[in-house]
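Next comes protein11.txt, a file with compact mmCIF, C-alpha atoms.
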```
# COMPACT_ATOMS: atom_id res chain seq x y z
CA ALA V 1 2.58 -20.31 -24.28
CA ALA V 2 1.19 -19.57 -20.84
CA GLY V 3 -0.92 -16.45 -20.57
CA VAL V 4 -2.28 -14.37 -17.74
CA ILE V 5 -5.00 -16.34 -15.97
CA GLN V 6 -7.86 -14.64 -14.19
CA SER V 7 -10.58 -16.20 -12.12
CA PRO V 8 -13.44 -16.27 -11.94
CA ARG V 9 -14.46 -15.36 -15.48
CA HIS V 10 -17.85 -14.10 -14.32
CA LEU V 11 -19.04 -13.07 -10.87
CA ILE V 12 -22.45 -11.94 -9.70
CA LYS V 13 -22.76 -10.26 -6.33
CA GLU V 14 -25.33 -8.21 -4.48
CA LYS V 15 -24.83 -4.73 -3.09
CA ARG V 16 -22.73 -4.56 0.08
CA GLU V 17 -21.24 -8.00 -0.53
CA THR V 18 -17.54 -8.70 -0.95
CA ALA V 19 -15.69 -10.17 -3.91
CA THR V 20 -12.20 -11.52 -4.50
CA LEU V 21 -10.67 -11.61 -7.95
CA LYS V 22 -7.56 -13.62 -8.65
CA CYS V 23 -4.79 -13.16 -11.18
CA TYR V 24 -1.96 -15.51 -12.11
CA PRO V 25 0.68 -13.70 -14.17
CA ILE V 26 2.80 -15.22 -16.88
CA PRO V 27 5.60 -17.28 -15.29
CA ARG V 28 8.65 -15.16 -14.41
CA HIS V 29 6.66 -11.93 -14.74
CA ASP V 30 7.18 -10.00 -11.54
CA THR V 31 4.91 -6.99 -12.10
CA VAL V 32 1.14 -7.13 -11.98
CA TYR V 33 -1.37 -4.41 -12.84
CA TRP V 34 -5.11 -4.21 -12.18
CA TYR V 35 -7.47 -2.28 -14.43
CA GLN V 36 -11.21 -1.60 -14.29
CA GLN V 37 -13.21 -1.15 -17.48
CA GLY V 38 -16.81 0.00 -17.35
CA PRO V 39 -19.19 -0.63 -20.27
CA GLY V 40 -18.00 1.31 -23.31
CA GLN V 41 -15.20 2.88 -21.29
CA ASP V 42 -11.44 2.77 -21.45
CA PRO V 43 -9.50 0.69 -18.93
CA GLN V 44 -8.74 2.63 -15.75
CA PHE V 45 -5.60 1.80 -13.80
CA LEU V 46 -6.29 0.69 -10.25
CA ILE V 47 -3.07 -0.56 -8.68
CA SER V 48 0.20 -2.30 -9.49
CA PHE V 49 2.68 -4.55 -7.71
CA TYR V 50 6.33 -5.29 -8.26
CA GLU V 51 8.08 -8.08 -6.41
CA LYS V 52 5.15 -8.42 -4.02
CA MET V 53 5.23 -4.76 -3.03
CA GLN V 54 2.67 -2.17 -4.07
CA SER V 55 4.21 0.02 -6.75
CA ASP V 56 1.64 2.52 -7.78
CA LYS V 57 -1.93 3.38 -7.03
CA GLY V 58 -4.48 4.76 -9.45
CA SER V 59 -8.18 5.32 -9.07
CA ILE V 60 -8.74 2.46 -6.67
CA PRO V 61 -11.53 3.06 -4.13
CA ASP V 62 -10.71 2.70 -0.44
CA ARG V 63 -13.18 -0.21 -0.36
CA PHE V 64 -10.80 -2.17 -2.57
CA SER V 65 -7.49 -3.67 -1.58
CA ALA V 66 -5.03 -5.89 -3.34
CA GLN V 67 -1.87 -7.80 -2.74
CA GLN V 68 0.71 -9.88 -4.54
CA PHE V 69 1.75 -13.16 -2.99
CA SER V 70 5.06 -15.01 -2.84
CA ASP V 71 4.18 -16.99 -5.97
CA TYR V 72 3.48 -13.64 -7.74
CA HIS V 73 -0.23 -14.22 -8.10
CA SER V 74 -2.37 -11.28 -7.08
CA GLU V 75 -5.79 -10.86 -5.57
CA LEU V 76 -8.11 -7.87 -5.71
CA ASN V 77 -10.45 -7.72 -2.74
CA MET V 78 -13.58 -5.63 -3.07
CA SER V 79 -15.86 -4.88 -0.15
CA SER V 80 -19.17 -3.09 0.31
CA LEU V 81 -19.88 -3.55 -3.36
CA GLU V 82 -21.88 -0.87 -5.13
CA LEU V 83 -23.84 -1.00 -8.37
CA GLY V 84 -21.20 1.21 -9.96
CA ASP V 85 -18.55 -1.44 -9.35
CA SER V 86 -20.07 -3.53 -12.12
CA ALA V 87 -17.33 -3.70 -14.72
CA LEU V 88 -14.74 -5.85 -16.40
CA TYR V 89 -11.65 -6.18 -14.23
CA PHE V 90 -8.40 -6.94 -15.99
CA CYS V 91 -5.12 -8.09 -14.68
CA ALA V 92 -1.96 -7.61 -16.72
CA SER V 93 1.60 -8.68 -16.16
CA ARG V 94 4.96 -7.58 -17.40
CA GLY V 95 8.42 -9.05 -17.03
CA ARG V 96 11.88 -7.54 -16.58
CA GLY V 97 10.94 -5.77 -13.40
CA GLY V 98 8.03 -4.12 -15.14
CA ALA V 99 10.54 -2.22 -17.20
CA SER V 100 9.21 0.73 -19.08
CA GLY V 101 8.95 0.05 -22.76
CA GLU V 102 7.79 -3.51 -22.45
CA LYS V 103 4.32 -4.54 -23.45
CA LEU V 104 1.70 -5.67 -21.00
CA PHE V 105 0.03 -9.04 -21.28
CA PHE V 106 -3.61 -8.98 -20.29
CA GLY V 107 -5.85 -11.69 -18.95
CA SER V 108 -9.35 -12.25 -20.29
CA GLY V 109 -10.82 -10.36 -17.37
CA THR V 110 -13.42 -10.98 -14.69
CA GLN V 111 -16.86 -9.63 -15.46
CA LEU V 112 -18.33 -8.45 -12.17
CA SER V 113 -22.03 -7.73 -11.99
CA VAL V 114 -23.39 -6.13 -8.84
CA LEU V 115 -27.16 -6.45 -8.47
CA SER T 1 -7.38 12.64 -15.69
CA GLN T 2 -7.71 11.22 -19.15
CA GLN T 3 -4.39 10.96 -20.93
CA GLY T 4 -5.23 9.63 -24.34
CA GLU T 5 -8.17 10.82 -26.36
CA GLU T 6 -9.00 8.90 -29.47
CA ASP T 7 -10.55 9.98 -32.66
CA PRO T 8 -12.86 8.88 -34.10
CA GLN T 9 -14.84 7.12 -31.40
CA ALA T 10 -16.36 4.83 -34.01
CA LEU T 11 -15.36 4.02 -37.56
CA SER T 12 -17.13 1.85 -40.09
CA ILE T 13 -15.44 1.00 -43.40
CA GLN T 14 -15.62 -1.59 -46.14
CA GLU T 15 -13.34 -4.58 -46.16
CA GLY T 16 -10.17 -3.84 -48.08
CA GLU T 17 -10.13 -0.16 -47.21
CA ASN T 18 -7.59 1.44 -44.91
CA ALA T 19 -8.54 2.48 -41.38
CA THR T 20 -6.87 5.37 -39.58
CA MET T 21 -7.30 6.05 -35.90
CA ASN T 22 -5.83 8.97 -34.02
CA CYS T 23 -4.80 9.45 -30.44
CA SER T 24 -3.82 12.56 -28.53
CA TYR T 25 -2.25 12.75 -25.12
CA LYS T 26 -1.39 15.45 -22.63
CA THR T 27 1.85 14.75 -20.82
CA SER T 28 5.34 13.80 -21.93
CA ILE T 29 5.72 10.09 -22.54
CA ASN T 30 8.34 7.36 -22.68
CA ASN T 31 6.42 5.36 -25.24
CA LEU T 32 2.99 4.91 -26.74
CA GLN T 33 1.38 1.54 -27.34
CA TRP T 34 -1.66 0.42 -29.27
CA TYR T 35 -3.89 -2.38 -28.06
CA ARG T 36 -6.81 -4.19 -29.60
CA GLN T 37 -9.84 -5.50 -27.74
CA ASN T 38 -12.54 -7.76 -29.03
CA SER T 39 -15.87 -7.28 -27.32
CA GLY T 40 -15.71 -8.31 -23.66
CA ARG T 41 -12.25 -9.78 -24.04
CA GLY T 42 -8.77 -8.90 -22.88
CA LEU T 43 -6.54 -6.36 -24.55
CA VAL T 44 -3.92 -7.55 -26.96
CA HIS T 45 -0.76 -5.59 -27.63
CA LEU T 46 -0.31 -4.54 -31.25
CA ILE T 47 2.65 -2.23 -31.49
CA LEU T 48 4.85 0.05 -29.39
CA ILE T 49 6.56 3.23 -30.49
CA ARG T 50 9.12 4.97 -28.34
CA SER T 51 9.25 8.70 -27.81
CA ASN T 52 12.36 9.04 -29.99
CA GLU T 53 10.74 7.22 -32.92
CA ARG T 54 8.49 8.81 -35.52
CA GLU T 55 7.11 5.84 -37.40
CA LYS T 56 6.91 2.10 -37.00
CA HIS T 57 5.53 -0.74 -39.08
CA SER T 58 4.32 -4.21 -38.19
CA GLY T 59 2.61 -6.22 -40.91
CA ARG T 60 -0.48 -4.28 -41.97
CA LEU T 61 -0.04 -1.82 -39.11
CA ARG T 62 1.68 1.52 -39.33
CA VAL T 63 1.93 3.82 -36.35
CA THR T 64 3.23 7.37 -36.26
CA LEU T 65 4.14 9.54 -33.32
CA ASP T 66 4.40 13.31 -33.24
CA THR T 67 5.66 14.32 -29.82
CA SER T 68 5.48 18.02 -30.68
CA LYS T 69 1.74 17.67 -31.22
CA LYS T 70 1.37 14.95 -28.60
CA SER T 71 -0.44 12.74 -31.06
CA SER T 72 -0.22 9.34 -32.68
CA SER T 73 -2.02 7.57 -35.46
CA LEU T 74 -2.61 3.92 -36.21
CA LEU T 75 -3.17 2.87 -39.79
CA ILE T 76 -4.50 -0.56 -40.65
CA THR T 77 -4.12 -1.27 -44.33
CA ALA T 78 -6.23 -3.64 -46.41
CA SER T 79 -8.71 -4.14 -43.60
CA ARG T 80 -10.39 -7.49 -43.00
CA ALA T 81 -13.63 -8.38 -41.24
CA ALA T 82 -11.52 -9.93 -38.47
CA ASP T 83 -10.07 -6.50 -37.71
CA THR T 84 -13.42 -5.49 -36.22
CA ALA T 85 -12.60 -4.57 -32.64
CA SER T 86 -11.93 -1.64 -30.34
CA TYR T 87 -8.51 -0.08 -30.56
CA PHE T 88 -6.90 1.78 -27.67
CA CYS T 89 -3.79 3.84 -27.44
CA ALA T 90 -1.94 3.75 -24.14
CA THR T 91 0.86 5.94 -22.94
CA GLU T 92 3.62 5.30 -20.51
CA SER T 93 5.16 8.26 -18.78
CA GLY T 94 6.87 7.19 -15.62
CA GLY T 95 8.62 4.10 -14.43
CA GLY T 96 7.43 0.73 -15.56
CA ALA T 97 5.50 0.02 -12.40
CA ASP T 98 3.17 2.93 -13.09
CA GLY T 99 1.49 1.00 -15.84
CA LEU T 100 -0.21 2.46 -18.86
CA THR T 101 -2.82 5.18 -19.24
CA PHE T 102 -5.41 4.28 -21.83
CA GLY T 103 -7.40 6.48 -24.17
CA LYS T 104 -11.10 6.04 -24.78
CA GLY T 105 -10.71 3.85 -27.81
CA THR T 106 -11.99 3.68 -31.34
CA HIS T 107 -14.56 1.06 -32.22
CA LEU T 108 -13.74 -0.16 -35.71
CA ILE T 109 -16.29 -2.05 -37.77
CA ILE T 110 -15.20 -3.67 -41.00
CA GLN T 111 -18.12 -4.45 -43.25
CA PRO T 112 -17.66 -7.44 -45.55
```

Could you render the structure as structure tokens?
Amino acid sequence: AAGVIQSPRHLIKEKRETATLKCYPIPRHDTVYWYQQGPGQDPQFLISFYEKMQSDKGSIPDRFSAQQFSDYHSELNMSSLELGDSALYFCASRGRGGASGEKLFFGSGTQLSVL
Amino acid sequence: SQQGEEDPQALSIQEGENATMNCSYKTSINNLQWYRQNSGRGLVHLILIRSNEREKHSGRLRVTLDTSKKSSSLLITASRAADTASYFCATESGGGADGLTFGKGTHLIIQP
């Protein structure tokens, strides 16, 4: 069965550079979530999209932006990268309009290292 | 603010023993879910319990929910080395688009 696909798997950037992370949800899933997980930390909710519209915003820095496209894939754009942005970034998707009570399916994540 | 707090933060047991992990949360919830994460990998859904349920079973997993105490526990019976992973509880309070709020996780080590 198709899963959530994230690319790239690993990304190395320098301070003040920009990065774009991509997420392809499970087919027919219309809700996408982005999470950030620092080393040894719990996943922190960044932002979510439903039907290509932003649904909710968590602890996403102003330097980050995201969008969901017509094919439901999503991209997380990160600018002016800081050392503290080094983390594992997960995308998750959910079907049925992101209905409460349904489980989330997570991708394998993008490991971002900022040097 | 942190919603779920997990206890213990780390747990090491012998293969075959039972492992119990606890989770506490602060606000009212629609449901509570448990996820498993192998090192550096994505999270995998294990089990979901709704706010009107008190106990749920799935294979070797048993989860309980006490909404009066705002707490949940995950029991893994007859543990195996392959159960070594981090386990997170996650709560859902609002509409589905709000996503889940994760606790800090318990790192479980099963010694062969």

Could you name the residues that touch V:Met53 at 10 Å or less, counting all atoms listed in the file, but leaving out those on the same chain fewer than 4 positions away, as a PDB file with C-alpha atoms, in the frame of the given file?
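What ended up in result27.pdb:
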```
ATOM      1  CA  THR V  31       4.910  -6.990 -12.100  1.00  0.00           C
ATOM      2  CA  SER V  48       0.200  -2.300  -9.490  1.00  0.00           C
ATOM      3  CA  PHE V  49       2.680  -4.550  -7.710  1.00  0.00           C
ATOM      4  CA  GLN V  67      -1.870  -7.800  -2.740  1.00  0.00           C
ATOM      5  CA  GLN V  68       0.710  -9.880  -4.540  1.00  0.00           C
ATOM      6  CA  PHE V  69       1.750 -13.160  -2.990  1.00  0.00           C
TER       7      PHE V  69
END
```

Discussion item. Set the cut-off to 10 Å and count only C-alpha atoms: what are the residues of chain V that reach chain T? Output as a ChimeraX atom specification.
Written reply: /V:4,31-35,37,39-50,54-59,88-111

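Taking atom CA of V:Thr20 and atom CA of V:Ala2 as endpoints, the distance between them is 22.6 Å.
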
Fill in: Separation of atom CA of V:Val114 from atom CA of V:Ala19 in Å
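So the answer is 10.0 Å.
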
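Interatomic distance, atom CA of V:Cys23 to atom CA of T:Ala85: 24.4 Å.
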
Quick one: what's the axis-aligned box for stretch 43-60 of chain T, all listed atoms, 8 Å on every side, centre and edges in Å to one decimal, as JSON?
```
{"center_x": 2.9, "center_y": 0.7, "center_z": -33.3, "size_x": 34.9, "size_y": 32.6, "size_z": 33.4}
```

Would you mind putting N, CA and C atoms back on stretch 15-51 of chain V and writing the result as a PDB file, keeping the file's coordinate frame?
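Below is the file out_31.pdb, written as the result:
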```
ATOM      1  N   LYS V  15     -25.354  -5.933  -3.746  1.00  0.00           N
ATOM      2  CA  LYS V  15     -24.830  -4.730  -3.090  1.00  0.00           C
ATOM      3  C   LYS V  15     -24.386  -5.062  -1.679  1.00  0.00           C
ATOM      4  N   ARG V  16     -23.309  -4.439  -1.275  1.00  0.00           N
ATOM      5  CA  ARG V  16     -22.730  -4.560   0.080  1.00  0.00           C
ATOM      6  C   ARG V  16     -22.008  -5.893   0.306  1.00  0.00           C
ATOM      7  N   GLU V  17     -22.017  -6.761  -0.684  1.00  0.00           N
ATOM      8  CA  GLU V  17     -21.240  -8.000  -0.530  1.00  0.00           C
ATOM      9  C   GLU V  17     -19.776  -7.743  -0.829  1.00  0.00           C
ATOM     10  N   THR V  18     -18.966  -8.780  -0.643  1.00  0.00           N
ATOM     11  CA  THR V  18     -17.540  -8.700  -0.950  1.00  0.00           C
ATOM     12  C   THR V  18     -17.229  -9.632  -2.108  1.00  0.00           C
ATOM     13  N   ALA V  19     -16.122  -9.346  -2.781  1.00  0.00           N
ATOM     14  CA  ALA V  19     -15.690 -10.170  -3.910  1.00  0.00           C
ATOM     15  C   ALA V  19     -14.168 -10.233  -3.921  1.00  0.00           C
ATOM     16  N   THR V  20     -13.653 -11.361  -4.344  1.00  0.00           N
ATOM     17  CA  THR V  20     -12.200 -11.520  -4.500  1.00  0.00           C
ATOM     18  C   THR V  20     -11.903 -12.002  -5.900  1.00  0.00           C
ATOM     19  N   LEU V  21     -11.079 -11.261  -6.590  1.00  0.00           N
ATOM     20  CA  LEU V  21     -10.670 -11.610  -7.950  1.00  0.00           C
ATOM     21  C   LEU V  21      -9.210 -12.046  -7.905  1.00  0.00           C
ATOM     22  N   LYS V  22      -8.911 -13.079  -8.676  1.00  0.00           N
ATOM     23  CA  LYS V  22      -7.560 -13.620  -8.650  1.00  0.00           C
ATOM     24  C   LYS V  22      -6.881 -13.475 -10.012  1.00  0.00           C
ATOM     25  N   CYS V  23      -5.585 -13.336  -9.957  1.00  0.00           N
ATOM     26  CA  CYS V  23      -4.790 -13.160 -11.180  1.00  0.00           C
ATOM     27  C   CYS V  23      -3.503 -13.955 -11.047  1.00  0.00           C
ATOM     28  N   TYR V  24      -3.209 -14.744 -12.058  1.00  0.00           N
ATOM     29  CA  TYR V  24      -1.960 -15.510 -12.110  1.00  0.00           C
ATOM     30  C   TYR V  24      -1.165 -15.003 -13.312  1.00  0.00           C
ATOM     31  N   PRO V  25      -0.078 -14.289 -13.061  1.00  0.00           N
ATOM     32  CA  PRO V  25       0.680 -13.700 -14.170  1.00  0.00           C
ATOM     33  C   PRO V  25       1.433 -14.758 -14.976  1.00  0.00           C
ATOM     34  N   ILE V  26       1.954 -14.335 -16.083  1.00  0.00           N
ATOM     35  CA  ILE V  26       2.800 -15.220 -16.880  1.00  0.00           C
ATOM     36  C   ILE V  26       4.025 -15.612 -16.042  1.00  0.00           C
ATOM     37  N   PRO V  27       4.435 -16.874 -16.080  1.00  0.00           N
ATOM     38  CA  PRO V  27       5.600 -17.280 -15.290  1.00  0.00           C
ATOM     39  C   PRO V  27       6.802 -16.379 -15.526  1.00  0.00           C
ATOM     40  N   ARG V  28       7.464 -16.016 -14.430  1.00  0.00           N
ATOM     41  CA  ARG V  28       8.650 -15.160 -14.410  1.00  0.00           C
ATOM     42  C   ARG V  28       8.319 -13.687 -14.635  1.00  0.00           C
ATOM     43  N   HIS V  29       7.050 -13.344 -14.748  1.00  0.00           N
ATOM     44  CA  HIS V  29       6.660 -11.930 -14.740  1.00  0.00           C
ATOM     45  C   HIS V  29       6.512 -11.503 -13.294  1.00  0.00           C
ATOM     46  N   ASP V  30       7.163 -10.403 -12.936  1.00  0.00           N
ATOM     47  CA  ASP V  30       7.180 -10.000 -11.540  1.00  0.00           C
ATOM     48  C   ASP V  30       6.350  -8.756 -11.249  1.00  0.00           C
ATOM     49  N   THR V  31       5.717  -8.215 -12.270  1.00  0.00           N
ATOM     50  CA  THR V  31       4.910  -6.990 -12.100  1.00  0.00           C
ATOM     51  C   THR V  31       3.490  -7.256 -12.570  1.00  0.00           C
ATOM     52  N   VAL V  32       2.559  -6.887 -11.711  1.00  0.00           N
ATOM     53  CA  VAL V  32       1.140  -7.130 -11.980  1.00  0.00           C
ATOM     54  C   VAL V  32       0.384  -5.808 -11.890  1.00  0.00           C
ATOM     55  N   TYR V  33      -0.546  -5.615 -12.803  1.00  0.00           N
ATOM     56  CA  TYR V  33      -1.370  -4.410 -12.840  1.00  0.00           C
ATOM     57  C   TYR V  33      -2.839  -4.823 -12.821  1.00  0.00           C
ATOM     58  N   TRP V  34      -3.663  -4.013 -12.147  1.00  0.00           N
ATOM     59  CA  TRP V  34      -5.110  -4.210 -12.180  1.00  0.00           C
ATOM     60  C   TRP V  34      -5.766  -3.013 -12.853  1.00  0.00           C
ATOM     61  N   TYR V  35      -6.715  -3.311 -13.730  1.00  0.00           N
ATOM     62  CA  TYR V  35      -7.470  -2.280 -14.430  1.00  0.00           C
ATOM     63  C   TYR V  35      -8.971  -2.577 -14.287  1.00  0.00           C
ATOM     64  N   GLN V  36      -9.749  -1.498 -14.309  1.00  0.00           N
ATOM     65  CA  GLN V  36     -11.210  -1.600 -14.290  1.00  0.00           C
ATOM     66  C   GLN V  36     -11.733  -0.987 -15.575  1.00  0.00           C
ATOM     67  N   GLN V  37     -12.651  -1.674 -16.245  1.00  0.00           N
ATOM     68  CA  GLN V  37     -13.210  -1.150 -17.480  1.00  0.00           C
ATOM     69  C   GLN V  37     -14.733  -1.222 -17.424  1.00  0.00           C
ATOM     70  N   GLY V  38     -15.360  -0.059 -17.326  1.00  0.00           N
ATOM     71  CA  GLY V  38     -16.810   0.000 -17.350  1.00  0.00           C
ATOM     72  C   GLY V  38     -17.324  -0.173 -18.771  1.00  0.00           C
ATOM     73  N   PRO V  39     -18.616  -0.419 -18.942  1.00  0.00           N
ATOM     74  CA  PRO V  39     -19.190  -0.630 -20.270  1.00  0.00           C
ATOM     75  C   PRO V  39     -18.906   0.547 -21.200  1.00  0.00           C
ATOM     76  N   GLY V  40     -18.299   0.270 -22.332  1.00  0.00           N
ATOM     77  CA  GLY V  40     -18.000   1.310 -23.310  1.00  0.00           C
ATOM     78  C   GLY V  40     -16.929   2.291 -22.872  1.00  0.00           C
ATOM     79  N   GLN V  41     -16.225   1.965 -21.818  1.00  0.00           N
ATOM     80  CA  GLN V  41     -15.200   2.880 -21.290  1.00  0.00           C
ATOM     81  C   GLN V  41     -13.797   2.353 -21.563  1.00  0.00           C
ATOM     82  N   ASP V  42     -12.818   3.215 -21.337  1.00  0.00           N
ATOM     83  CA  ASP V  42     -11.440   2.770 -21.450  1.00  0.00           C
ATOM     84  C   ASP V  42     -11.001   2.133 -20.137  1.00  0.00           C
ATOM     85  N   PRO V  43     -10.010   1.294 -20.162  1.00  0.00           N
ATOM     86  CA  PRO V  43      -9.500   0.690 -18.930  1.00  0.00           C
ATOM     87  C   PRO V  43      -8.893   1.753 -18.017  1.00  0.00           C
ATOM     88  N   GLN V  44      -9.261   1.697 -16.743  1.00  0.00           N
ATOM     89  CA  GLN V  44      -8.740   2.630 -15.750  1.00  0.00           C
ATOM     90  C   GLN V  44      -7.790   1.888 -14.824  1.00  0.00           C
ATOM     91  N   PHE V  45      -6.608   2.432 -14.652  1.00  0.00           N
ATOM     92  CA  PHE V  45      -5.600   1.800 -13.800  1.00  0.00           C
ATOM     93  C   PHE V  45      -6.021   1.873 -12.338  1.00  0.00           C
ATOM     94  N   LEU V  46      -5.934   0.732 -11.662  1.00  0.00           N
ATOM     95  CA  LEU V  46      -6.290   0.690 -10.250  1.00  0.00           C
ATOM     96  C   LEU V  46      -5.054   0.641  -9.355  1.00  0.00           C
ATOM     97  N   ILE V  47      -4.193  -0.351  -9.578  1.00  0.00           N
ATOM     98  CA  ILE V  47      -3.070  -0.560  -8.680  1.00  0.00           C
ATOM     99  C   ILE V  47      -2.075  -1.501  -9.352  1.00  0.00           C
ATOM    100  N   SER V  48      -0.812  -1.402  -8.928  1.00  0.00           N
ATOM    101  CA  SER V  48       0.200  -2.300  -9.490  1.00  0.00           C
ATOM    102  C   SER V  48       1.122  -2.802  -8.380  1.00  0.00           C
ATOM    103  N   PHE V  49       1.759  -3.928  -8.650  1.00  0.00           N
ATOM    104  CA  PHE V  49       2.680  -4.550  -7.710  1.00  0.00           C
ATOM    105  C   PHE V  49       3.937  -4.990  -8.437  1.00  0.00           C
ATOM    106  N   TYR V  50       5.052  -4.800  -7.756  1.00  0.00           N
ATOM    107  CA  TYR V  50       6.330  -5.290  -8.260  1.00  0.00           C
ATOM    108  C   TYR V  50       7.011  -6.033  -7.135  1.00  0.00           C
ATOM    109  N   GLU V  51       7.395  -7.252  -7.421  1.00  0.00           N
ATOM    110  CA  GLU V  51       8.080  -8.080  -6.410  1.00  0.00           C
ATOM    111  C   GLU V  51       7.334  -8.061  -5.081  1.00  0.00           C
TER     112      GLU V  51
END
```
